[in-house]
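This report concerns only the one structure given below.
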Amino acid sequence: MAAYKDLRDWIEILRQKGELAEVRGASWDLQIGALIEIACRESKGYAPAILFRDIPGYPADRRVLGALLSSPKRLALTLGLADEISDKQEMVKACRKKLATMKLIPPVTVKTGPVAENVLEGPKANLLSFPAPRHHELDGGRFIGTAHCVITKDPDDGWVNLGTYRCMVLGPDKFALHMSPGRDGRIMRDDKYFARNQPMPVAIAIGVDPALWLASISEVHWGTSEYDYAGGIKGQAIEVMRGPQTGLPVPATAEIVVEGMCYPGEMEPEGPFGEWAGYYANRGLLPVQEPVVRVTGVMHRNDPILTCAHPAKPTNDSSFPESAFRSATMWDELENAGVPGIQGVWCHEVGGARIFSVVAIKQQYAGHSRQAGMIASQCRSGVYIGRYTIVVDDDIDPSNLGEVIWAMSTRTNPERSIEITRWTRSTSADPAVSPFLKDQDSNPSDLYTSKAIIDACWPYEWRKRAYPVVQVSKGLRKEISDKFSDVLANIIR
């Protein structure tokens with residue numbers, strides 16, 4: 001069972017562990033985003049979570065929290081793991097164990113909760129009363145939804161989906177809802193509600209239990225509610241209450257809940273917005289017509305905390321948790337597909353945890369490395385863009401980019417080692433898709449990419465005669481460490 005009750009309790013634990021920094025006086029306009037980006041990219045270790053207070057133009061009780069899960073300790077706390085885990089592959093293994101042993105726990109419905117301390121309707125339900133950041137200098141507006149959950153319900157079977165789909169403030173009573181093609185919420189909206197010319201009830205929950213946000217950004221299977229998944233992660237049911245405007249189940253301990261209706265055919269310009277891959281890749285700096293959600297009500301706790309994620313050129317504040325969790329699910333999917341001998345997986349931060357993935361194997365038969373690469377590139381965790389999949393031998397740490405590039409540089413022969421697959425899944429956020437294909441009159445669901453599977457393993461037929469590696473042995477390394485520990489402490493930092 002998790003060691004914290006809600007986001008506020010989680011923040012207090014961070015404060016005790018030295019995992020929280022507090023900043024006063026930063027503006028919602030660019031400064032909050034810039035501080036998060038600089039901390040995540042330039043910190044010598046892992047950046048702390050950052051709690052922003054005294055935001056100019058807002059009452060002292062309005063706060064913003066960024067860089068939520070961008071360290072092993074914070075991810076471990078959220079997953080109920082030992083917080084001394086710092087090695088990336090150990091974290092992946094711990095995540096896999098958690099996922100393998102956890103049981104889905106449905107939410108429990110309560111009559112009310114802390115989020116209902118303030119229930120606002122009409123003109124009082126004002127999105128501009130919260131310090132939603134303008135993240136990047138070329139962004140087209142303020143985004144109230146970046147580290148949040150968009151809650152929708154399937155009109156046929158009542159399945160409740162939570163996804164992190166960005167929400168741009170269009171005014172005090174409306175926001176634009178951007179959902180990428182193929183996402184569960186988009187399928188529910190376009191293929192069900194809008195196809196029947198029906199409005200879709202929507203709630204966005206901000207400042208939720210970190211386990212619920214982690215579930216919201218994970219690859220949860222269609223038909224499984226992220227509420228159940230988050231309950232399994234946390235080891236206890238998520239408390240939900242009935243949203244007074246939409247009837248949707250909303251997190252009772254969330255900081256902010258916004259409810260509204262998304263009507264078919266009502267579109268307004270959204271964006272541009274700096275994407276997770278580090279580019280303005282949707283339509284460059286041109287806004288895109290997106291469906292509008294008309295706000296019907298807002299609930300919030302006293303002294304509400306608005307959580308945000310700041311996508312930017314990697315490494316950004318969501319790189320680490322997405323890399324760790326996606327690596328764990330990819331490893332499981334490989335083994336479930338019958339690929340043996342997997343020794344490690346890492347979906348690299350520099351590829352936004354999606355574009356550049358590495359699988360380490362202990363080769364067992366001819367074609368083993370190609371099998372691993374092909375399946376990793378097309379499994380649920382790898383198919384979304386997933387442009388480069390590298391397979392390496394078990395002496396290579398897949399999370400060490402230097403070792404991976406060394407293996408690619410020295411163990412591959414391009415004509416033998418590279419396979420290309422074509423006409424595979426892409427997205428409007430893909431910076432390698434031609435901007436001419438993203439014109440307003442094009443269908444973004446028609447976008448494709450190719451994928452490269454790079455076999456950086458020694459060729460199977462002569463792997464036993466592979467050239468010896470020049471490096472200090474483990475035995476000598478230990479001998480040196482024991483004898484010169486004080487010297488090494490000053491050399492290795």
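Each chain in the structure tokens gets a letter, A, B, ..., in the order shown, and its residues are numbered from 1; ligands are numbered from 1 in order too.
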**Request:** Among the residues of region 56-100 of chain A, find those DSSP assigns to alpha helix (DSSP H) from the backbone and print them as a VMD selection string.
**Result:** chain A and resid 72 to 79 88 to 100
**Request:** Please report, as a PyMOL selection string, each residue of region 126-234 of chain A to which DSSP assigns strand (DSSP E or B) when run on this structure's backbone.
**Result:** chain A and resi 134+143-145+148-153+160-163+167-171+174-177+200-206
Residues of the last selection are to be written out with N, CA and C atoms, as a short mmCIF file (atom, residue, chain, number, x, y, z; two decimals), in the first residue's frame.
```cif
data_model
loop_
_atom_site.label_atom_id
_atom_site.label_comp_id
_atom_site.auth_asym_id
_atom_site.auth_seq_id
_atom_site.Cartn_x
_atom_site.Cartn_y
_atom_site.Cartn_z
N ARG A 134 2.08 29.77 -19.73
CA ARG A 134 2.50 29.77 -21.14
C ARG A 134 3.92 29.23 -21.10
N PHE A 143 -1.67 26.84 -21.22
CA PHE A 143 -2.15 25.47 -21.20
C PHE A 143 -2.42 25.04 -19.76
N ILE A 144 -3.70 24.82 -19.47
CA ILE A 144 -4.10 24.42 -18.13
C ILE A 144 -3.96 22.92 -17.95
N GLY A 145 -3.86 22.18 -19.05
CA GLY A 145 -3.78 20.73 -18.99
C GLY A 145 -2.52 20.20 -19.65
N HIS A 148 -2.14 16.22 -16.14
CA HIS A 148 -3.52 16.14 -15.68
C HIS A 148 -4.14 14.87 -16.26
N CYS A 149 -5.42 14.70 -16.03
CA CYS A 149 -6.16 13.57 -16.61
C CYS A 149 -7.42 14.11 -17.27
N VAL A 150 -7.62 13.76 -18.54
CA VAL A 150 -8.88 14.05 -19.22
C VAL A 150 -9.76 12.81 -19.06
N ILE A 151 -10.93 13.01 -18.47
CA ILE A 151 -11.80 11.89 -18.10
C ILE A 151 -12.99 11.87 -19.05
N THR A 152 -13.20 10.72 -19.69
CA THR A 152 -14.34 10.52 -20.59
C THR A 152 -14.93 9.13 -20.34
N LYS A 153 -16.16 8.93 -20.79
CA LYS A 153 -16.83 7.65 -20.58
C LYS A 153 -17.36 7.13 -21.90
N VAL A 160 -14.60 3.97 -18.36
CA VAL A 160 -14.07 5.30 -18.09
C VAL A 160 -12.58 5.33 -18.46
N ASN A 161 -12.23 6.25 -19.35
CA ASN A 161 -10.85 6.41 -19.79
C ASN A 161 -10.27 7.70 -19.24
N LEU A 162 -8.98 7.63 -18.85
CA LEU A 162 -8.25 8.82 -18.44
C LEU A 162 -6.99 8.90 -19.30
N GLY A 163 -6.80 10.04 -19.94
CA GLY A 163 -5.62 10.25 -20.77
C GLY A 163 -5.10 11.66 -20.59
N CYS A 167 -4.68 20.68 -23.01
CA CYS A 167 -5.84 21.57 -22.96
C CYS A 167 -5.35 23.02 -22.94
N MET A 168 -5.68 23.76 -23.99
CA MET A 168 -5.27 25.16 -24.12
C MET A 168 -6.44 26.08 -23.75
N VAL A 169 -6.18 27.02 -22.86
CA VAL A 169 -7.21 27.96 -22.43
C VAL A 169 -7.56 28.90 -23.59
N LEU A 170 -8.85 28.95 -23.91
CA LEU A 170 -9.33 29.85 -24.96
C LEU A 170 -10.06 31.06 -24.39
N GLY A 171 -10.38 31.00 -23.11
CA GLY A 171 -11.10 32.07 -22.44
C GLY A 171 -11.48 31.59 -21.06
N LYS A 174 -13.85 28.27 -21.64
CA LYS A 174 -13.68 27.26 -22.68
C LYS A 174 -12.19 26.95 -22.87
N PHE A 175 -11.95 25.73 -23.34
CA PHE A 175 -10.59 25.32 -23.68
C PHE A 175 -10.62 24.40 -24.89
N ALA A 176 -9.50 24.37 -25.62
CA ALA A 176 -9.36 23.48 -26.77
C ALA A 176 -8.78 22.15 -26.29
N LEU A 177 -9.26 21.06 -26.87
CA LEU A 177 -8.85 19.71 -26.46
C LEU A 177 -8.15 19.03 -27.62
N MET A 200 -19.88 15.24 -26.12
CA MET A 200 -19.18 14.35 -25.19
C MET A 200 -18.94 15.06 -23.87
N PRO A 201 -19.43 14.51 -22.75
CA PRO A 201 -19.08 15.08 -21.44
C PRO A 201 -17.59 14.87 -21.17
N VAL A 202 -16.95 15.90 -20.63
CA VAL A 202 -15.51 15.86 -20.37
C VAL A 202 -15.25 16.45 -18.99
N ALA A 203 -14.33 15.83 -18.26
CA ALA A 203 -13.80 16.43 -17.03
C ALA A 203 -12.28 16.37 -17.11
N ILE A 204 -11.64 17.43 -16.67
CA ILE A 204 -10.19 17.37 -16.53
C ILE A 204 -9.85 17.52 -15.05
N ALA A 205 -9.01 16.60 -14.57
CA ALA A 205 -8.60 16.61 -13.18
C ALA A 205 -7.13 16.99 -13.12
N ILE A 206 -6.81 18.00 -12.33
CA ILE A 206 -5.46 18.56 -12.23
C ILE A 206 -5.00 18.42 -10.78
#
```
**Asked** Separation of CA of Ser369 (chain A) and CA of Asp87 (chain A), in Å?
**Response**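 A separation of 24.6 Å between them.
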**Asked** Using only C-alpha atoms, which residue out of A:Asp317, A:Asp455, A:Glu415, A:Asp29 lies closest to Val392 (chain A)?
**Response** A:Asp455
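Proximity to Tyr279 (chain A) was assessed for A:Lys192, A:Tyr263, A:Ile342, A:Asp430 counting only C-alpha atoms; the smallest distance is recorded for A:Asp430.
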With region 294-301 of chain A as the partner and 10 Å as the cut-off, tabulate the residues of region 62-172 of chain A that qualify, each row holding the nearest pair of atoms and their distance in Å to one decimal, using only C-alpha atoms, sorted by chain and rising number, as CSV.
```
residue,atom,partner,partner_atom,distance
A:Gly113,CA,A:Arg301,CA,9.2
A:Pro114,CA,A:Arg301,CA,5.8
A:Val115,CA,A:Arg301,CA,4.6
A:Ala116,CA,A:Met299,CA,5.6
A:Glu117,CA,A:Arg301,CA,5.2
A:Asn118,CA,A:His300,CA,5.3
A:Val119,CA,A:Met299,CA,4.6
A:Leu120,CA,A:Val298,CA,5.2
A:Glu121,CA,A:Gly297,CA,4.6
A:Gly122,CA,A:Thr296,CA,6.8
A:Pro123,CA,A:Gly297,CA,9.2
A:Lys124,CA,A:Val298,CA,8.3
A:Ala125,CA,A:Val298,CA,5.1
A:Asn126,CA,A:Val298,CA,7.6
A:Leu127,CA,A:Val298,CA,8.2
A:Leu170,CA,A:Arg294,CA,9.9
A:Gly171,CA,A:Val295,CA,9.9
A:Pro172,CA,A:Val295,CA,8.4
```
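Every protein or nucleic acid residue with an atom no more than 8 Å from region 381-389 of chain A, counting only C-alpha atoms and leaving out same-chain residues fewer than 5 positions away, appears here: A:Glu219, A:Arg326, A:Thr329, A:Met330, A:Glu333, A:Arg354, A:Ile355, A:Phe356, A:Ser357, A:Val358, A:Val359, A:Gly373, A:Ala376, A:Thr424, A:Arg425, A:Ser426, A:Thr427, A:Asp430, A:Thr449, A:Ser450, A:Lys451, A:Ala452, A:Ile453, A:Ile454.
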Written selection (C-alpha atoms) as a PDB file, in the first residue's frame:
```pdb
ATOM      1  CA  GLU A 219       0.034   2.401 -22.332  1.00  0.00           C
ATOM      2  CA  ARG A 326       7.699   2.316 -21.101  1.00  0.00           C
ATOM      3  CA  THR A 329       6.101  -2.538 -20.485  1.00  0.00           C
ATOM      4  CA  MET A 330       8.141  -3.111 -23.665  1.00  0.00           C
ATOM      5  CA  GLU A 333       5.515  -7.320 -24.313  1.00  0.00           C
ATOM      6  CA  ARG A 354       9.506   6.785 -27.864  1.00  0.00           C
ATOM      7  CA  ILE A 355      11.748   7.330 -30.884  1.00  0.00           C
ATOM      8  CA  PHE A 356      14.978   5.555 -29.879  1.00  0.00           C
ATOM      9  CA  SER A 357      14.754   2.239 -27.980  1.00  0.00           C
ATOM     10  CA  VAL A 358      17.437  -0.310 -27.127  1.00  0.00           C
ATOM     11  CA  VAL A 359      17.016  -3.984 -26.245  1.00  0.00           C
ATOM     12  CA  GLY A 373      14.128  -5.799 -32.841  1.00  0.00           C
ATOM     13  CA  ALA A 376      10.049  -4.247 -30.073  1.00  0.00           C
ATOM     14  CA  THR A 424       4.133   2.241 -40.006  1.00  0.00           C
ATOM     15  CA  ARG A 425       2.343   4.343 -37.418  1.00  0.00           C
ATOM     16  CA  SER A 426       3.259   7.974 -36.896  1.00  0.00           C
ATOM     17  CA  THR A 427       1.542  11.057 -35.457  1.00  0.00           C
ATOM     18  CA  ASP A 430       6.387  13.544 -35.565  1.00  0.00           C
ATOM     19  CA  THR A 449       6.805   6.746 -40.803  1.00  0.00           C
ATOM     20  CA  SER A 450       9.410   4.109 -41.546  1.00  0.00           C
ATOM     21  CA  LYS A 451      11.319   2.266 -38.858  1.00  0.00           C
ATOM     22  CA  ALA A 452      14.939   1.157 -38.676  1.00  0.00           C
ATOM     23  CA  ILE A 453      15.829  -1.981 -36.759  1.00  0.00           C
ATOM     24  CA  ILE A 454      19.583  -1.966 -36.165  1.00  0.00           C
TER      25      ILE A 454
END
```
**Message:** What's the separation between CA of Gly57 (chain A) and CA of Glu37 (chain A), in Å to one decimal place?
**Reply:**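 Atom-to-atom, CA of Gly57 (chain A) and CA of Glu37 (chain A) are spaced 22.4 Å apart.
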**Prompt:** Between A:Asp228, A:Val208, A:Cys457, A:Leu306, which is the closest to Ile55 (chain A) once you count only C-alpha atoms?
**Reply:**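 Selected residue with least distance to Ile55 (chain A): A:Leu306.
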